[in-house]
$ cat structure34.cif   # mmCIF, N, CA and C atoms, pLDDT in the B column; chains and numbers go by the auth columns
data_structure
#
loop_
_atom_site.group_PDB
_atom_site.id
_atom_site.type_symbol
_atom_site.label_atom_id
_atom_site.label_comp_id
_atom_site.label_asym_id
_atom_site.label_seq_id
_atom_site.Cartn_x
_atom_site.Cartn_y
_atom_site.Cartn_z
_atom_site.B_iso_or_equiv
_atom_site.auth_seq_id
_atom_site.auth_asym_id
ATOM 1 N N MET A 1 97.261 98.562 81.490 92.00 15 Z
ATOM 2 C CA MET A 1 96.123 98.058 82.217 92.00 15 Z
ATOM 3 C C MET A 1 94.860 98.468 81.459 92.00 15 Z
ATOM 4 N N PHE A 2 93.961 97.528 81.324 95.00 16 Z
ATOM 5 C CA PHE A 2 92.682 97.771 80.672 95.00 16 Z
ATOM 6 C C PHE A 2 91.554 97.445 81.642 95.00 16 Z
ATOM 7 N N ARG A 3 90.425 98.106 81.450 95.00 17 Z
ATOM 8 C CA ARG A 3 89.233 97.800 82.233 95.00 17 Z
ATOM 9 C C ARG A 3 88.106 97.474 81.269 95.00 17 Z
ATOM 10 N N ALA A 4 87.504 96.311 81.458 96.00 18 Z
ATOM 11 C CA ALA A 4 86.316 95.939 80.699 96.00 18 Z
ATOM 12 C C ALA A 4 85.111 96.382 81.521 96.00 18 Z
ATOM 13 N N ILE A 5 84.310 97.260 80.962 95.00 19 Z
ATOM 14 C CA ILE A 5 83.133 97.771 81.639 95.00 19 Z
ATOM 15 C C ILE A 5 81.947 96.893 81.239 95.00 19 Z
ATOM 16 N N LEU A 6 81.323 96.293 82.250 96.00 20 Z
ATOM 17 C CA LEU A 6 80.200 95.383 82.052 96.00 20 Z
ATOM 18 C C LEU A 6 78.968 95.954 82.748 96.00 20 Z
ATOM 19 N N PRO A 7 77.774 95.472 82.411 96.00 21 Z
ATOM 20 C CA PRO A 7 76.569 95.950 83.103 96.00 21 Z
ATOM 21 C C PRO A 7 76.628 95.689 84.615 96.00 21 Z
ATOM 22 N N ASP A 8 77.327 94.622 85.037 94.00 22 Z
ATOM 23 C CA ASP A 8 77.382 94.238 86.450 94.00 22 Z
ATOM 24 C C ASP A 8 78.589 94.786 87.194 94.00 22 Z
ATOM 25 N N GLY A 9 79.553 95.399 86.490 96.00 23 Z
ATOM 26 C CA GLY A 9 80.757 95.884 87.149 96.00 23 Z
ATOM 27 C C GLY A 9 81.917 96.027 86.192 96.00 23 Z
ATOM 28 N N VAL A 10 83.135 95.853 86.722 96.00 24 Z
ATOM 29 C CA VAL A 10 84.365 96.088 85.967 96.00 24 Z
ATOM 30 C C VAL A 10 85.313 94.919 86.181 96.00 24 Z
ATOM 31 N N ILE A 11 86.041 94.529 85.117 96.00 25 Z
ATOM 32 C CA ILE A 11 87.101 93.532 85.213 96.00 25 Z
ATOM 33 C C ILE A 11 88.380 94.187 84.696 96.00 25 Z
ATOM 34 N N GLU A 12 89.442 94.140 85.502 96.00 26 Z
ATOM 35 C CA GLU A 12 90.732 94.692 85.100 96.00 26 Z
ATOM 36 C C GLU A 12 91.605 93.590 84.517 96.00 26 Z
ATOM 37 N N CYS A 13 92.376 93.932 83.481 96.00 27 Z
ATOM 38 C CA CYS A 13 93.270 92.963 82.846 96.00 27 Z
ATOM 39 C C CYS A 13 94.472 93.699 82.273 96.00 27 Z
ATOM 40 N N GLU A 14 95.508 92.936 81.950 96.00 28 Z
ATOM 41 C CA GLU A 14 96.721 93.499 81.343 96.00 28 Z
ATOM 42 C C GLU A 14 96.708 93.371 79.822 96.00 28 Z
ATOM 43 N N GLU A 15 96.039 92.336 79.309 96.00 29 Z
ATOM 44 C CA GLU A 15 95.994 92.060 77.870 96.00 29 Z
ATOM 45 C C GLU A 15 94.603 91.584 77.504 96.00 29 Z
ATOM 46 N N TYR A 16 94.267 91.697 76.238 96.00 30 Z
ATOM 47 C CA TYR A 16 92.998 91.167 75.760 96.00 30 Z
ATOM 48 C C TYR A 16 93.144 90.698 74.315 96.00 30 Z
ATOM 49 N N ASP A 17 92.280 89.776 73.935 96.00 31 Z
ATOM 50 C CA ASP A 17 92.222 89.280 72.558 96.00 31 Z
ATOM 51 C C ASP A 17 90.792 89.410 72.068 96.00 31 Z
ATOM 52 N N LEU A 18 90.627 90.003 70.884 96.00 32 Z
ATOM 53 C CA LEU A 18 89.304 90.117 70.282 96.00 32 Z
ATOM 54 C C LEU A 18 89.013 88.857 69.489 96.00 32 Z
ATOM 55 N N GLY A 19 87.872 88.253 69.738 96.00 33 Z
ATOM 56 C CA GLY A 19 87.472 87.053 69.009 96.00 33 Z
ATOM 57 C C GLY A 19 86.203 87.311 68.224 96.00 33 Z
ATOM 58 N N ASP A 20 85.695 86.259 67.598 96.00 34 Z
ATOM 59 C CA ASP A 20 84.480 86.395 66.815 96.00 34 Z
ATOM 60 C C ASP A 20 83.249 86.638 67.682 96.00 34 Z
ATOM 61 N N GLN A 21 83.224 86.037 68.865 97.00 35 Z
ATOM 62 C CA GLN A 21 82.046 86.101 69.725 97.00 35 Z
ATOM 63 C C GLN A 21 82.202 87.026 70.931 97.00 35 Z
ATOM 64 N N GLY A 22 83.453 87.433 71.239 97.00 36 Z
ATOM 65 C CA GLY A 22 83.671 88.280 72.403 97.00 36 Z
ATOM 66 C C GLY A 22 85.144 88.527 72.665 97.00 36 Z
ATOM 67 N N VAL A 23 85.441 89.033 73.847 97.00 37 Z
ATOM 68 C CA VAL A 23 86.795 89.422 74.237 97.00 37 Z
ATOM 69 C C VAL A 23 87.304 88.485 75.321 97.00 37 Z
ATOM 70 N N GLU A 24 88.538 87.989 75.163 98.00 38 Z
ATOM 71 C CA GLU A 24 89.209 87.219 76.203 98.00 38 Z
ATOM 72 C C GLU A 24 90.117 88.175 76.964 98.00 38 Z
ATOM 73 N N LEU A 25 89.949 88.233 78.279 98.00 39 Z
ATOM 74 C CA LEU A 25 90.748 89.101 79.136 98.00 39 Z
ATOM 75 C C LEU A 25 91.821 88.268 79.819 98.00 39 Z
ATOM 76 N N HIS A 26 93.074 88.760 79.817 98.00 40 Z
ATOM 77 C CA HIS A 26 94.209 87.994 80.329 98.00 40 Z
ATOM 78 C C HIS A 26 95.034 88.807 81.319 98.00 40 Z
ATOM 79 N N THR A 27 95.760 88.074 82.210 96.00 41 Z
ATOM 80 C CA THR A 27 96.755 88.689 83.079 96.00 41 Z
ATOM 81 C C THR A 27 97.989 88.997 82.233 96.00 41 Z
ATOM 82 N N GLY A 28 98.968 89.638 82.812 92.00 42 Z
ATOM 83 C CA GLY A 28 100.219 89.921 82.115 92.00 42 Z
ATOM 84 C C GLY A 28 100.992 88.670 81.754 92.00 42 Z
ATOM 85 N N ASP A 29 100.712 87.548 82.450 94.00 43 Z
ATOM 86 C CA ASP A 29 101.355 86.267 82.162 94.00 43 Z
ATOM 87 C C ASP A 29 100.597 85.444 81.132 94.00 43 Z
ATOM 88 N N GLY A 30 99.511 85.998 80.607 91.00 44 Z
ATOM 89 C CA GLY A 30 98.728 85.289 79.603 91.00 44 Z
ATOM 90 C C GLY A 30 97.647 84.391 80.164 91.00 44 Z
ATOM 91 N N GLU A 31 97.460 84.389 81.485 97.00 45 Z
ATOM 92 C CA GLU A 31 96.424 83.558 82.103 97.00 45 Z
ATOM 93 C C GLU A 31 95.048 84.175 81.844 97.00 45 Z
ATOM 94 N N LEU A 32 94.105 83.347 81.430 97.00 46 Z
ATOM 95 C CA LEU A 32 92.753 83.807 81.134 97.00 46 Z
ATOM 96 C C LEU A 32 92.042 84.219 82.415 97.00 46 Z
ATOM 97 N N ILE A 33 91.522 85.442 82.426 97.00 47 Z
ATOM 98 C CA ILE A 33 90.729 85.934 83.547 97.00 47 Z
ATOM 99 C C ILE A 33 89.256 85.676 83.278 97.00 47 Z
ATOM 100 N N ALA A 34 88.818 86.061 82.065 97.00 48 Z
ATOM 101 C CA ALA A 34 87.392 85.931 81.739 97.00 48 Z
ATOM 102 C C ALA A 34 87.193 86.026 80.242 97.00 48 Z
ATOM 103 N N PHE A 35 86.088 85.444 79.788 98.00 49 Z
ATOM 104 C CA PHE A 35 85.605 85.645 78.427 98.00 49 Z
ATOM 105 C C PHE A 35 84.340 86.480 78.537 98.00 49 Z
ATOM 106 N N VAL A 36 84.286 87.590 77.794 97.00 50 Z
ATOM 107 C CA VAL A 36 83.129 88.480 77.835 97.00 50 Z
ATOM 108 C C VAL A 36 82.514 88.539 76.439 97.00 50 Z
ATOM 109 N N PRO A 37 81.293 88.022 76.274 97.00 51 Z
ATOM 110 C CA PRO A 37 80.617 88.134 74.978 97.00 51 Z
ATOM 111 C C PRO A 37 80.369 89.611 74.635 97.00 51 Z
ATOM 112 N N TYR A 38 80.448 89.949 73.352 97.00 52 Z
ATOM 113 C CA TYR A 38 80.266 91.342 72.938 97.00 52 Z
ATOM 114 C C TYR A 38 78.962 91.968 73.420 97.00 52 Z
ATOM 115 N N PRO A 39 77.840 91.239 73.440 97.00 53 Z
ATOM 116 C CA PRO A 39 76.604 91.873 73.931 97.00 53 Z
ATOM 117 C C PRO A 39 76.684 92.305 75.400 97.00 53 Z
ATOM 118 N N ASN A 40 77.601 91.724 76.180 96.00 54 Z
ATOM 119 C CA ASN A 40 77.757 92.084 77.592 96.00 54 Z
ATOM 120 C C ASN A 40 78.850 93.113 77.838 96.00 54 Z
ATOM 121 N N LEU A 41 79.568 93.511 76.802 97.00 55 Z
ATOM 122 C CA LEU A 41 80.675 94.460 76.944 97.00 55 Z
ATOM 123 C C LEU A 41 80.201 95.869 76.613 97.00 55 Z
ATOM 124 N N ILE A 42 80.274 96.759 77.595 96.00 56 Z
ATOM 125 C CA ILE A 42 79.892 98.150 77.352 96.00 56 Z
ATOM 126 C C ILE A 42 81.070 98.907 76.756 96.00 56 Z
ATOM 127 N N ALA A 43 82.269 98.727 77.349 94.00 57 Z
ATOM 128 C CA ALA A 43 83.467 99.426 76.854 94.00 57 Z
ATOM 129 C C ALA A 43 84.714 98.704 77.326 94.00 57 Z
ATOM 130 N N LEU A 44 85.791 98.903 76.582 94.00 58 Z
ATOM 131 C CA LEU A 44 87.118 98.432 76.976 94.00 58 Z
ATOM 132 C C LEU A 44 87.994 99.671 77.038 94.00 58 Z
ATOM 133 N N VAL A 45 88.452 100.027 78.253 92.00 59 Z
ATOM 134 C CA VAL A 45 89.134 101.290 78.492 92.00 59 Z
ATOM 135 C C VAL A 45 90.619 101.046 78.736 92.00 59 Z
ATOM 136 N N ASN A 46 91.465 101.822 78.058 90.00 60 Z
ATOM 137 C CA ASN A 46 92.910 101.778 78.273 90.00 60 Z
ATOM 138 C C ASN A 46 93.245 102.745 79.396 90.00 60 Z
ATOM 139 N N GLU A 47 93.605 102.223 80.553 82.00 61 Z
ATOM 140 C CA GLU A 47 93.886 103.047 81.728 82.00 61 Z
ATOM 141 C C GLU A 47 95.254 103.710 81.675 82.00 61 Z
ATOM 142 N N GLU A 48 96.116 103.334 80.753 77.00 62 Z
ATOM 143 C CA GLU A 48 97.465 103.895 80.690 77.00 62 Z
ATOM 144 C C GLU A 48 97.513 105.234 79.967 77.00 62 Z
ATOM 145 N N LEU A 49 96.444 105.600 79.307 69.00 63 Z
ATOM 146 C CA LEU A 49 96.394 106.908 78.661 69.00 63 Z
ATOM 147 C C LEU A 49 96.008 107.951 79.691 69.00 63 Z
ATOM 148 N N GLU A 50 96.442 109.171 79.479 57.00 64 Z
ATOM 149 C CA GLU A 50 96.110 110.240 80.416 57.00 64 Z
ATOM 150 C C GLU A 50 94.615 110.503 80.398 57.00 64 Z
ATOM 151 N N SER A 51 94.099 110.915 81.527 59.00 65 Z
ATOM 152 C CA SER A 51 92.671 111.264 81.624 59.00 65 Z
ATOM 153 C C SER A 51 92.397 112.477 80.753 59.00 65 Z
ATOM 154 N N GLY A 52 91.171 112.577 80.315 59.00 66 Z
ATOM 155 C CA GLY A 52 90.782 113.712 79.507 59.00 66 Z
ATOM 156 C C GLY A 52 90.118 113.248 78.228 59.00 66 Z
ATOM 157 N N ASP A 53 90.229 114.057 77.212 59.00 67 Z
ATOM 158 C CA ASP A 53 89.561 113.760 75.942 59.00 67 Z
ATOM 159 C C ASP A 53 90.230 112.668 75.147 59.00 67 Z
ATOM 160 N N ASP A 54 91.458 112.254 75.513 53.00 68 Z
ATOM 161 C CA ASP A 54 92.209 111.283 74.734 53.00 68 Z
ATOM 162 C C ASP A 54 91.994 109.835 75.174 53.00 68 Z
ATOM 163 N N ARG A 55 91.047 109.549 76.052 55.00 69 Z
ATOM 164 C CA ARG A 55 90.820 108.180 76.524 55.00 69 Z
ATOM 165 C C ARG A 55 90.430 107.295 75.349 55.00 69 Z
ATOM 166 N N ALA A 56 91.042 106.140 75.271 56.00 70 Z
ATOM 167 C CA ALA A 56 90.731 105.190 74.208 56.00 70 Z
ATOM 168 C C ALA A 56 89.658 104.239 74.709 56.00 70 Z
ATOM 169 N N ILE A 57 88.538 104.215 74.041 56.00 71 Z
ATOM 170 C CA ILE A 57 87.450 103.308 74.399 56.00 71 Z
ATOM 171 C C ILE A 57 87.130 102.477 73.186 56.00 71 Z
ATOM 172 N N PHE A 58 87.071 101.170 73.403 53.00 72 Z
ATOM 173 C CA PHE A 58 86.731 100.231 72.330 53.00 72 Z
ATOM 174 C C PHE A 58 85.242 100.050 72.323 53.00 72 Z
#

$ encode --input "structure34.cif" --output "structure tokens"
Amino acid sequence: MFRAILPDGVIECEEYDLGDQGVELHTGDGELIAFVPYPNLIALVNEELESGDDRAIF
């Protein structure tokens, strides 16, 4: 599970694809949830890693 942190809130997704202009967020079935342009993306967080100093942030 990943969380895209945006200025307006958070979008949860199972998969994502990095593109030239932004990130496509998808369900586990590959259905598109949202396209987030890079200027609107604060962070992409991997929720499956343990809390602490090892959090992966894109």

$ resolve_selection --input "structure34.cif" --expression "the PyMOL selection byres (((chain Z and resi 38-40 and name CA) around 12) and name CA)" --output "PyMOL selection string"
chain Z and resi 15-19+24-37+41-52+55+58

$ atom_distance --input "structure34.cif" --atom1 "atom C of Ala57 in chain Z" --atom2 "CA of Pro21 in chain Z"
10.4 Å

$ axis_aligned_box --input "structure34.cif" --around "range 22-36 of chain Z" --padding-each-side "8 Å" --output "JSON"
{"center_x": 87.0, "center_y": 91.1, "center_z": 77.0, "size_x": 35.4, "size_y": 26.1, "size_z": 36.4}

$ select_by_dssp --input "structure34.cif" --residues "chain Z" --states "strand (DSSP E)" --output "list in words"
Phe16, Arg17, Ala18, Ile19, Leu20, Gly23, Val24, Ile25, Glu26, Cys27, Glu29, Tyr30, Asp31, Leu32, Gly36, Val37, Glu38, Leu39, His40, Leu46, Ile47, Ala48, Phe49, Val50, Pro51, Ala57, Leu58, Val59 and Asn60 of chain Z

$ atom_distance --input "structure34.cif" --atom1 "atom N of Asn54 in chain Z" --atom2 "atom N of Asp22 in chain Z"
9.3 Å

$ atom_distance --input "structure34.cif" --atom1 "atom N of Gly23 in chain Z" --atom2 "atom N of Glu62 in chain Z"
19.2 Å
